[in-house]
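Q: You'll find entry-v8.txt just under this line, and it carries compact mmCIF, C-alpha atoms and all ligand atoms.
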```txt
# COMPACT_ATOMS: atom_id res chain seq x y z
CA MET A 1 0.00 0.00 0.00
CA ALA A 2 1.22 3.48 -0.84
CA ARG A 3 2.38 5.52 2.13
CA LEU A 4 0.25 8.36 3.44
CA LEU A 5 1.86 11.75 2.79
CA CYS A 6 0.63 14.44 5.15
CA PRO A 7 1.79 17.99 4.41
CA SER A 8 2.14 20.12 7.54
CA ILE A 9 0.26 23.40 7.21
CA TYR A 10 2.59 24.94 9.81
CA SER A 11 5.38 24.89 7.22
CA VAL A 12 3.59 26.32 4.18
CA ASP A 13 3.63 29.89 2.85
CA PHE A 14 1.20 31.66 5.21
CA ASN A 15 1.24 34.83 3.14
CA HIS A 16 -0.61 32.79 0.57
CA LEU A 17 -2.38 30.18 2.66
CA GLN A 18 -5.21 29.49 0.28
CA GLN A 19 -2.91 28.98 -2.73
CA SER A 20 -0.63 26.77 -0.61
CA ILE A 21 -3.52 24.51 0.35
CA GLN A 22 -4.79 24.38 -3.21
CA ALA A 23 -1.32 23.46 -4.52
CA LEU A 24 -1.00 20.67 -1.95
CA ASP A 25 -4.53 19.52 -2.74
CA ALA A 26 -3.63 19.22 -6.42
CA ALA A 27 -0.37 17.43 -5.51
CA ASP A 28 0.12 13.83 -4.43
CA SER A 29 -0.89 14.42 -0.80
CA ASP A 30 -3.25 12.32 1.32
CA ILE A 31 -4.05 14.05 4.60
CA PHE A 32 -3.55 17.69 5.61
CA HIS A 33 -1.77 17.97 8.97
CA VAL A 34 -2.77 20.93 11.16
CA ASP A 35 -0.65 21.52 14.29
CA ILE A 36 -2.41 23.24 17.17
CA MET A 37 -0.17 24.45 20.04
CA ASP A 38 -1.46 26.19 23.18
CA GLY A 39 1.68 27.52 24.88
CA HIS A 40 1.07 25.18 27.84
CA PHE A 41 1.39 21.59 26.69
CA VAL A 42 4.21 22.76 24.43
CA GLN A 43 6.31 25.89 24.73
CA ASN A 44 5.01 27.51 21.58
CA MET A 45 1.75 28.68 20.08
CA ALA A 46 0.61 27.79 16.61
CA LEU A 47 -2.39 27.58 14.36
CA SER A 48 -5.98 27.89 15.40
CA PRO A 49 -9.50 26.63 14.76
CA GLN A 50 -9.79 29.45 12.21
CA ASP A 51 -6.79 28.12 10.27
CA LEU A 52 -8.42 24.69 10.31
CA ARG A 53 -11.59 26.20 8.80
CA VAL A 54 -9.53 27.67 5.96
CA VAL A 55 -7.87 24.31 5.26
CA ARG A 56 -11.25 22.56 5.37
CA GLY A 57 -12.74 25.08 2.99
CA ASN A 58 -10.06 24.51 0.35
CA THR A 59 -9.81 20.73 0.11
CA LYS A 60 -11.98 17.65 0.00
CA LYS A 61 -9.06 15.51 1.20
CA ARG A 62 -8.92 14.38 4.82
CA VAL A 63 -7.69 16.89 7.40
CA ASP A 64 -6.13 15.95 10.73
CA VAL A 65 -5.56 18.10 13.80
CA HIS A 66 -2.56 17.39 15.99
CA LEU A 67 -3.66 18.78 19.35
CA MET A 68 -0.60 19.80 21.34
CA ILE A 69 -2.83 21.31 23.99
CA GLU A 70 -3.75 20.61 27.60
CA ASN A 71 -7.12 18.98 28.23
CA PRO A 72 -7.99 18.40 24.55
CA GLY A 73 -11.24 16.72 25.60
CA ARG A 74 -12.78 20.14 26.17
CA TYR A 75 -12.31 21.09 22.54
CA ILE A 76 -13.36 18.02 20.56
CA ASP A 77 -16.73 19.55 19.59
CA LEU A 78 -14.95 22.70 18.38
CA PHE A 79 -12.40 20.94 16.18
CA VAL A 80 -15.02 18.60 14.77
CA GLU A 81 -17.20 21.60 13.95
CA CYS A 82 -14.21 23.25 12.20
CA GLY A 83 -13.87 20.24 9.92
CA ALA A 84 -11.30 17.79 11.33
CA ASP A 85 -11.62 14.19 10.11
CA ILE A 86 -8.86 12.79 12.35
CA LEU A 87 -8.05 14.14 15.83
CA TYR A 88 -4.71 13.34 17.47
CA VAL A 89 -4.27 13.81 21.20
CA HIS A 90 -1.23 13.26 23.41
CA PRO A 91 -1.76 10.71 26.20
CA GLU A 92 0.10 12.98 28.66
CA SER A 93 -2.20 15.93 28.02
CA GLU A 94 -5.22 14.73 29.94
CA VAL A 95 -6.10 12.51 32.90
CA HIS A 96 -8.99 10.67 31.19
CA ILE A 97 -7.56 10.37 27.70
CA ALA A 98 -9.51 7.16 26.97
CA ARG A 99 -12.77 9.06 27.42
CA THR A 100 -11.60 11.67 24.92
CA LEU A 101 -10.66 8.99 22.36
CA ASP A 102 -14.09 7.39 22.78
CA ASN A 103 -15.68 10.80 22.38
CA ILE A 104 -13.83 11.44 19.09
CA ARG A 105 -15.18 8.18 17.69
CA ALA A 106 -18.66 8.94 19.06
CA HIS A 107 -18.58 12.04 16.83
CA GLY A 108 -18.00 9.71 13.84
CA LYS A 109 -14.37 10.88 13.48
CA GLN A 110 -11.11 8.94 13.53
CA ALA A 111 -9.10 8.96 16.74
CA GLY A 112 -5.34 9.13 17.00
CA ILE A 113 -2.68 9.43 19.65
CA ALA A 114 0.63 11.19 19.17
CA ILE A 115 3.45 9.70 21.20
CA ASN A 116 6.42 11.74 22.30
CA PRO A 117 10.00 10.48 21.96
CA GLY A 118 10.01 9.81 25.71
CA THR A 119 6.70 7.91 25.74
CA SER A 120 6.88 4.11 25.61
CA VAL A 121 4.62 1.74 23.72
CA ALA A 122 4.00 -0.14 26.98
CA SER A 123 2.50 2.99 28.54
CA ILE A 124 -0.12 3.32 25.79
CA GLN A 125 -0.94 -0.36 25.36
CA GLU A 126 -4.47 0.00 26.79
CA LEU A 127 -5.27 2.75 24.30
CA LEU A 128 -4.48 0.66 21.21
CA PRO A 129 -8.05 -0.66 20.73
CA LEU A 130 -9.34 2.92 20.88
CA VAL A 131 -7.31 4.45 18.03
CA ASP A 132 -7.28 4.48 14.25
CA TYR A 133 -3.85 6.13 13.94
CA ILE A 134 -0.67 6.47 15.97
CA MET A 135 1.54 9.44 15.26
CA ILE A 136 5.06 8.56 16.35
CA MET A 137 6.88 11.80 17.11
CA GLY A 138 10.33 12.01 15.53
CA VAL A 139 11.05 15.17 17.57
CA ASN A 140 9.87 16.58 20.89
CA PRO A 141 6.77 18.52 19.86
CA GLY A 142 6.48 22.30 19.82
CA PHE A 143 8.66 23.52 16.98
CA GLY A 144 9.10 22.88 13.29
CA GLY A 145 12.50 22.18 11.82
CA GLN A 146 14.08 20.12 14.60
CA LYS A 147 16.46 17.26 13.92
CA PHE A 148 14.99 13.76 13.64
CA LEU A 149 15.73 11.66 16.75
CA ASP A 150 17.06 8.26 15.69
CA TYR A 151 16.26 6.64 19.02
CA ILE A 152 12.56 6.55 18.20
CA VAL A 153 13.11 3.98 15.41
CA PRO A 154 12.65 0.89 17.65
CA LYS A 155 9.20 2.22 18.53
CA VAL A 156 8.23 2.17 14.85
CA ASP A 157 9.13 -1.54 14.78
CA GLN A 158 7.32 -2.29 18.05
CA LEU A 159 4.13 -0.67 16.79
CA ALA A 160 4.40 -2.38 13.39
CA ALA A 161 4.23 -5.69 15.23
CA LEU A 162 0.95 -4.67 16.95
CA ARG A 163 -0.70 -2.93 14.03
CA GLU A 164 -2.61 -5.84 12.46
CA ARG A 165 -3.94 -7.08 15.78
CA TYR A 166 -5.48 -3.71 16.66
CA GLY A 167 -6.09 -2.30 13.19
CA PHE A 168 -4.39 1.09 13.53
CA GLN A 169 -2.03 2.81 11.11
CA THR A 170 1.26 4.47 12.04
CA LEU A 171 2.82 7.72 10.86
CA VAL A 172 6.01 9.58 11.76
CA ASP A 173 5.81 13.33 12.51
CA GLY A 174 8.84 15.62 12.87
CA GLY A 175 12.24 15.84 11.27
CA ILE A 176 11.19 14.32 7.97
CA ASN A 177 13.63 15.14 5.17
CA PHE A 178 15.41 13.18 2.46
CA ASP A 179 18.00 11.86 4.96
CA SER A 180 15.53 10.60 7.56
CA LEU A 181 13.27 9.24 4.81
CA ASP A 182 16.12 7.10 3.47
CA ARG A 183 16.06 5.24 6.76
CA LEU A 184 12.35 5.42 7.60
CA SER A 185 11.25 4.20 4.17
CA GLN A 186 12.86 0.85 4.96
CA LEU A 187 10.55 0.46 7.95
CA ASP A 188 7.03 -0.86 8.21
CA VAL A 189 5.24 2.47 8.71
CA ASP A 190 2.15 3.81 6.95
CA GLY A 191 3.01 7.44 6.40
CA PHE A 192 4.90 10.63 7.11
CA VAL A 193 4.26 14.27 7.93
CA VAL A 194 6.01 16.41 5.34
CA GLY A 195 7.08 19.54 7.21
CA HIS A 196 9.74 22.19 7.63
CA ASP A 197 12.75 20.69 5.88
CA LEU A 198 10.80 19.89 2.73
CA LEU A 199 8.26 22.73 2.46
CA HIS A 200 9.41 25.78 4.45
CA GLN A 201 10.37 28.71 2.24
CA GLN A 202 9.92 26.66 -0.89
CA PRO A 203 7.90 28.28 -3.67
CA ILE A 204 4.27 27.15 -3.72
CA GLY A 205 4.76 26.14 -7.34
CA SER A 206 7.31 23.52 -6.24
CA TYR A 207 5.10 21.71 -3.68
CA GLY A 208 3.85 19.20 -6.26
CA GLU A 209 7.35 18.20 -7.36
CA ILE A 210 8.55 17.97 -3.73
CA LEU A 211 5.76 15.53 -2.90
CA ASN A 212 6.53 13.56 -6.08
CA GLN A 213 10.15 13.27 -4.92
CA VAL A 214 9.02 12.09 -1.48
CA ARG A 215 6.70 9.58 -3.16
CA ARG A 216 9.55 8.21 -5.26
CA ILE A 217 11.54 7.49 -2.08
CA THR A 218 8.74 6.22 0.12
CA GLY A 219 6.58 4.30 -2.35
C1 LIG A 301 6.14 19.52 15.59
C2 LIG A 301 4.89 19.36 14.79
C3 LIG A 301 5.13 18.86 13.42
C4 LIG A 301 5.73 19.86 12.47
C5 LIG A 301 6.42 19.10 11.36
O1 LIG A 301 5.87 19.91 16.89
O2 LIG A 301 4.04 18.42 15.42
O3 LIG A 301 3.95 18.37 12.83
O4 LIG A 301 4.78 20.69 11.86
O5 LIG A 301 7.66 18.72 11.82
P1 LIG A 301 8.97 19.21 11.07
O6 LIG A 301 8.86 20.64 10.91
O7 LIG A 301 10.06 18.77 12.00
O8 LIG A 301 9.00 18.46 9.80
ZN ZN A 302 2.35 17.59 14.12
```
With the file now loaded, output its structure as structure tokens.
Ligand code: DX5
Ligand code: ZN
A:
Amino acid sequence: MARLLCPSIYSVDFNHLQQSIQALDAADSDIFHVDIMDGHFVQNMALSPQDLRVVRGNTKKRVDVHLMIENPGRYIDLFVECGADILYVHPESEVHIARTLDNIRAHGKQAGIAINPGTSVASIQELLPLVDYIMIMGVNPGFGGQKFLDYIVPKVDQLAALRERYGFQTLVDGGINFDSLDRLSQLDVDGFVVGHDLLHQQPIGSYGEILNQVRRITG
């Protein structure tokens, strides 16, 4: 199966957001990735429900929200209303994370967890039946353009071994570039977030060719 390519809206040309989305929509992309940061769960602030509405309004492809916020359960209705198809939450961000995952599915949406470099597979084992996707963080979340952390690779393998039993898909988010893809493409993983190193400050007109290049490496 072809890998899922998920362009990160955080890294596109925000002076021309609508054209950026339309170019990525026309390109070989699968799921739009929208990072939401609250300045509490991570030490940065980024994107908003309004940005999500703009993405939703310019594509019929699936849109995910990566909620790097405290107590995401309070905002599920809001992000669903703004057009998210897939909602990722961090297990550390809320006491009753299982309830939030159930609530996402109760809205008819797909549920995902994003796991930090320091979070083990063992610690999220009970959540595996509750999720459609697992976003394996290749960096500590909060900033674009950080270096890929090689020590997360064993986690990709561990989750690959559990994937069929539970029926989730895995993606890697953070630090994706042609170097890290050389290595990650050899692994049993379903997709990648295409972010800073591949899209930032690139002309909008080149997005299509960049995704084609990624596709040639990843299959
Ligand atoms: C990092 C975010 C990523 C980011 C993409 O906190 O979750 O989704 O937009 O990562 P980079 O920029 O490293 O490719
Ligand atoms: Zn992200």
Q: List all protein, DNA and RNA residues that have at least one atom no more than 10 Å from any atom of ligand ZN 302 (chain A), counting all atoms listed in the file, and write them as a CSV table (one decimal) with C-alpha atoms, keeping the file's coordinate frame.
A:
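What follows is the written file pocket.csv:
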```csv
chain,number,residue,atom,x,y,z
A,6,CYS,CA,0.6,14.4,5.2
A,7,PRO,CA,1.8,18.0,4.4
A,8,SER,CA,2.1,20.1,7.5
A,9,ILE,CA,0.3,23.4,7.2
A,10,TYR,CA,2.6,24.9,9.8
A,33,HIS,CA,-1.8,18.0,9.0
A,34,VAL,CA,-2.8,20.9,11.2
A,35,ASP,CA,-0.6,21.5,14.3
A,36,ILE,CA,-2.4,23.2,17.2
A,37,MET,CA,-0.2,24.4,20.0
A,64,ASP,CA,-6.1,16.0,10.7
A,65,VAL,CA,-5.6,18.1,13.8
A,66,HIS,CA,-2.6,17.4,16.0
A,67,LEU,CA,-3.7,18.8,19.4
A,68,MET,CA,-0.6,19.8,21.3
A,88,TYR,CA,-4.7,13.3,17.5
A,114,ALA,CA,0.6,11.2,19.2
A,135,MET,CA,1.5,9.4,15.3
A,136,ILE,CA,5.1,8.6,16.4
A,137,MET,CA,6.9,11.8,17.1
A,138,GLY,CA,10.3,12.0,15.5
A,139,VAL,CA,11.0,15.2,17.6
A,141,PRO,CA,6.8,18.5,19.9
A,142,GLY,CA,6.5,22.3,19.8
A,143,PHE,CA,8.7,23.5,17.0
A,144,GLY,CA,9.1,22.9,13.3
A,172,VAL,CA,6.0,9.6,11.8
A,173,ASP,CA,5.8,13.3,12.5
A,174,GLY,CA,8.8,15.6,12.9
A,193,VAL,CA,4.3,14.3,7.9
A,194,VAL,CA,6.0,16.4,5.3
A,195,GLY,CA,7.1,19.5,7.2
```
Q: Taking only C-alpha atoms into account, which of A:Leu5, A:Leu24, A:Ala111, A:Leu162 comes nearest A:Ala84?
A: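 Closest to A:Ala84 of all the choices is A:Ala111.
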Q: Can you tell me which residues surround A:Val189 at a distance of at most 8 Å, considering only C-alpha atoms, apart from same-chain residues fewer than 2 positions away, and format the answer as JSON, numbers by chain?
A: {"A": [3, 156, 160, 169, 170, 171, 172, 184, 185, 187, 191]}
Q: Which residues are near A:Leu87? Cut-off 12 Å, all atoms listed in the file, ignore same chain within fewer than 3 positions. Put them as JSON, numbers by chain.
A: {"A": [31, 32, 33, 34, 35, 36, 52, 62, 63, 64, 65, 66, 67, 68, 72, 73, 75, 76, 77, 78, 79, 80, 81, 82, 83, 84, 90, 100, 101, 102, 103, 104, 105, 107, 108, 109, 110, 111, 112, 113, 114, 131, 132, 133, 134, 135]}
Q: Provide the atom CA of A:Ser180 to atom CA of A:His196 distance in Å, to one decimal place.
A: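 The value is 13.0 Å.
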Q: Atom CA of A:Asp182 and atom CA of A:Ala161, how far apart in Å?
A: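 Computing the Euclidean distance for atom CA of A:Ala161 and atom CA of A:Asp182 yields 21.1 Å.
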Q: Counting all atoms listed in the file, which of A:Gln125, A:Ser93, A:Asn116, A:Gln202 gets nearest to A:Ser11?
A: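 Answer, going by the shortest atom-to-atom distance: A:Gln202.
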Q: Give me the box for ligand LIG 301 (chain A) as JSON, namely the centre and edge lengths in Å to one decimal of a box along x, y and z that holds every listed atom plus 4 Å on each side.
A:
```
{"center_x": 7.0, "center_y": 19.5, "center_z": 13.3, "size_x": 14.1, "size_y": 10.3, "size_z": 15.1}
```
Q: Separation of atom CA of A:Asn177 and atom CA of A:Gln158, in Å?
A: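 A separation of 22.6 Å between them.
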Q: Which residue is closest to ligand LIG 301 (chain A)? Choose from A:Val153, A:Leu159, A:Ala26, A:Ala46 and count all atoms listed in the file.
A: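 Under the stated criterion, the closest residue is A:Ala46.
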Q: Pick from A:Pro49, A:Gly219, A:Pro117, A:Pro129: nearest to ligand LIG 301 (chain A), with all atoms listed in the file counted?
A: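 Answer, going by the shortest atom-to-atom distance: A:Pro117.
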Q: Using all atoms listed in the file for the distances, tell me which of A:Asp150, A:Asp25, A:Asp197, A:Asp13 is nearest to ligand LIG 301 (chain A).
A: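 Comparing A:Asp150, A:Asp25, A:Asp197, A:Asp13 against ligand LIG 301 (chain A), the winner is A:Asp197.
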Q: Give the answer as one residue: which of A:Asp157, A:Glu126, A:Asp38, A:Glu164 has the shortest atom-to-atom distance to ligand LIG 301 (chain A), using all atoms listed in the file?
A: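 Residue with the minimum atom-to-atom distance to ligand LIG 301 (chain A): A:Asp38.
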Q: Show me, as a list in words, the residues that have an atom within 12 Å of A:Phe14 when counting all atoms listed in the file, minus same-chain residues fewer than 2 positions from it.
A: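 The filter keeps Ser8, Ile9, Tyr10, Ser11, Val12, His16, Leu17, Gln18, Gln19, Ser20, Ile21, Leu47, Asp51, Val54, Val55, Leu199, His200, Gln201, Gln202, Pro203 and Ile204 of chain A.
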Q: Some atoms are missing, so please complete stretch 120-131 of chain A with all heavy atoms and return it as a compact mmCIF listing (two decimals), in the frame of the given file.
A:
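So out16.txt came out as:
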```
# COMPACT_ATOMS: atom_id res chain seq x y z
N SER A 120 6.67 5.50 26.05
CA SER A 120 6.88 4.11 25.61
C SER A 120 5.61 3.51 25.04
O SER A 120 4.49 3.96 25.36
CB SER A 120 7.35 3.26 26.80
OG SER A 120 6.28 3.16 27.73
N VAL A 121 5.78 2.48 24.24
CA VAL A 121 4.62 1.74 23.72
C VAL A 121 3.89 1.06 24.87
O VAL A 121 2.66 1.03 24.90
CB VAL A 121 5.08 0.71 22.65
CG1 VAL A 121 3.93 -0.20 22.24
CG2 VAL A 121 5.66 1.44 21.44
N ALA A 122 4.64 0.54 25.83
CA ALA A 122 4.00 -0.14 26.98
C ALA A 122 3.02 0.78 27.68
O ALA A 122 1.94 0.35 28.11
CB ALA A 122 5.08 -0.62 27.95
N SER A 123 3.35 2.07 27.78
CA SER A 123 2.50 2.99 28.54
C SER A 123 1.21 3.34 27.81
O SER A 123 0.29 3.91 28.41
CB SER A 123 3.28 4.28 28.87
OG SER A 123 3.44 5.06 27.70
N ILE A 124 1.12 3.01 26.53
CA ILE A 124 -0.12 3.32 25.79
C ILE A 124 -0.85 2.06 25.34
O ILE A 124 -1.82 2.13 24.58
CB ILE A 124 0.17 4.22 24.55
CG1 ILE A 124 1.26 3.63 23.66
CG2 ILE A 124 0.55 5.63 24.98
CD1 ILE A 124 0.91 3.64 22.20
N GLN A 125 -0.38 0.93 25.81
CA GLN A 125 -0.94 -0.36 25.36
C GLN A 125 -2.47 -0.41 25.48
O GLN A 125 -3.16 -0.85 24.56
CB GLN A 125 -0.30 -1.47 26.21
CG GLN A 125 -0.73 -2.88 25.86
CD GLN A 125 0.14 -3.50 24.76
OE1 GLN A 125 1.31 -3.17 24.64
NE2 GLN A 125 -0.46 -4.37 23.96
N GLU A 126 -3.01 0.08 26.57
CA GLU A 126 -4.47 0.00 26.79
C GLU A 126 -5.25 0.88 25.82
O GLU A 126 -6.44 0.70 25.63
CB GLU A 126 -4.82 0.40 28.24
CG GLU A 126 -4.61 -0.69 29.25
CD GLU A 126 -3.14 -1.02 29.48
OE1 GLU A 126 -2.29 -0.16 29.16
OE2 GLU A 126 -2.84 -2.12 29.95
N LEU A 127 -4.57 1.84 25.22
CA LEU A 127 -5.27 2.75 24.30
C LEU A 127 -5.35 2.19 22.87
O LEU A 127 -6.09 2.70 22.05
CB LEU A 127 -4.56 4.11 24.27
CG LEU A 127 -4.41 4.83 25.62
CD1 LEU A 127 -3.65 6.14 25.44
CD2 LEU A 127 -5.78 5.09 26.26
N LEU A 128 -4.58 1.14 22.60
CA LEU A 128 -4.48 0.66 21.21
C LEU A 128 -5.83 0.28 20.59
O LEU A 128 -6.06 0.57 19.41
CB LEU A 128 -3.47 -0.49 21.10
CG LEU A 128 -2.02 -0.11 21.47
CD1 LEU A 128 -1.09 -1.31 21.31
CD2 LEU A 128 -1.51 1.07 20.63
N PRO A 129 -6.75 -0.35 21.35
CA PRO A 129 -8.05 -0.66 20.73
C PRO A 129 -8.90 0.58 20.44
O PRO A 129 -9.91 0.48 19.75
CB PRO A 129 -8.76 -1.53 21.78
CG PRO A 129 -7.72 -1.93 22.76
CD PRO A 129 -6.67 -0.88 22.73
N LEU A 130 -8.51 1.71 20.98
CA LEU A 130 -9.34 2.92 20.88
C LEU A 130 -8.92 3.85 19.75
O LEU A 130 -9.53 4.90 19.56
CB LEU A 130 -9.28 3.71 22.21
CG LEU A 130 -9.56 2.93 23.49
CD1 LEU A 130 -9.51 3.87 24.69
CD2 LEU A 130 -10.91 2.24 23.42
N VAL A 131 -7.85 3.50 19.02
CA VAL A 131 -7.31 4.45 18.03
C VAL A 131 -7.28 3.89 16.62
O VAL A 131 -7.14 2.69 16.40
CB VAL A 131 -5.89 4.94 18.42
CG1 VAL A 131 -5.91 5.64 19.76
CG2 VAL A 131 -4.87 3.82 18.41
```
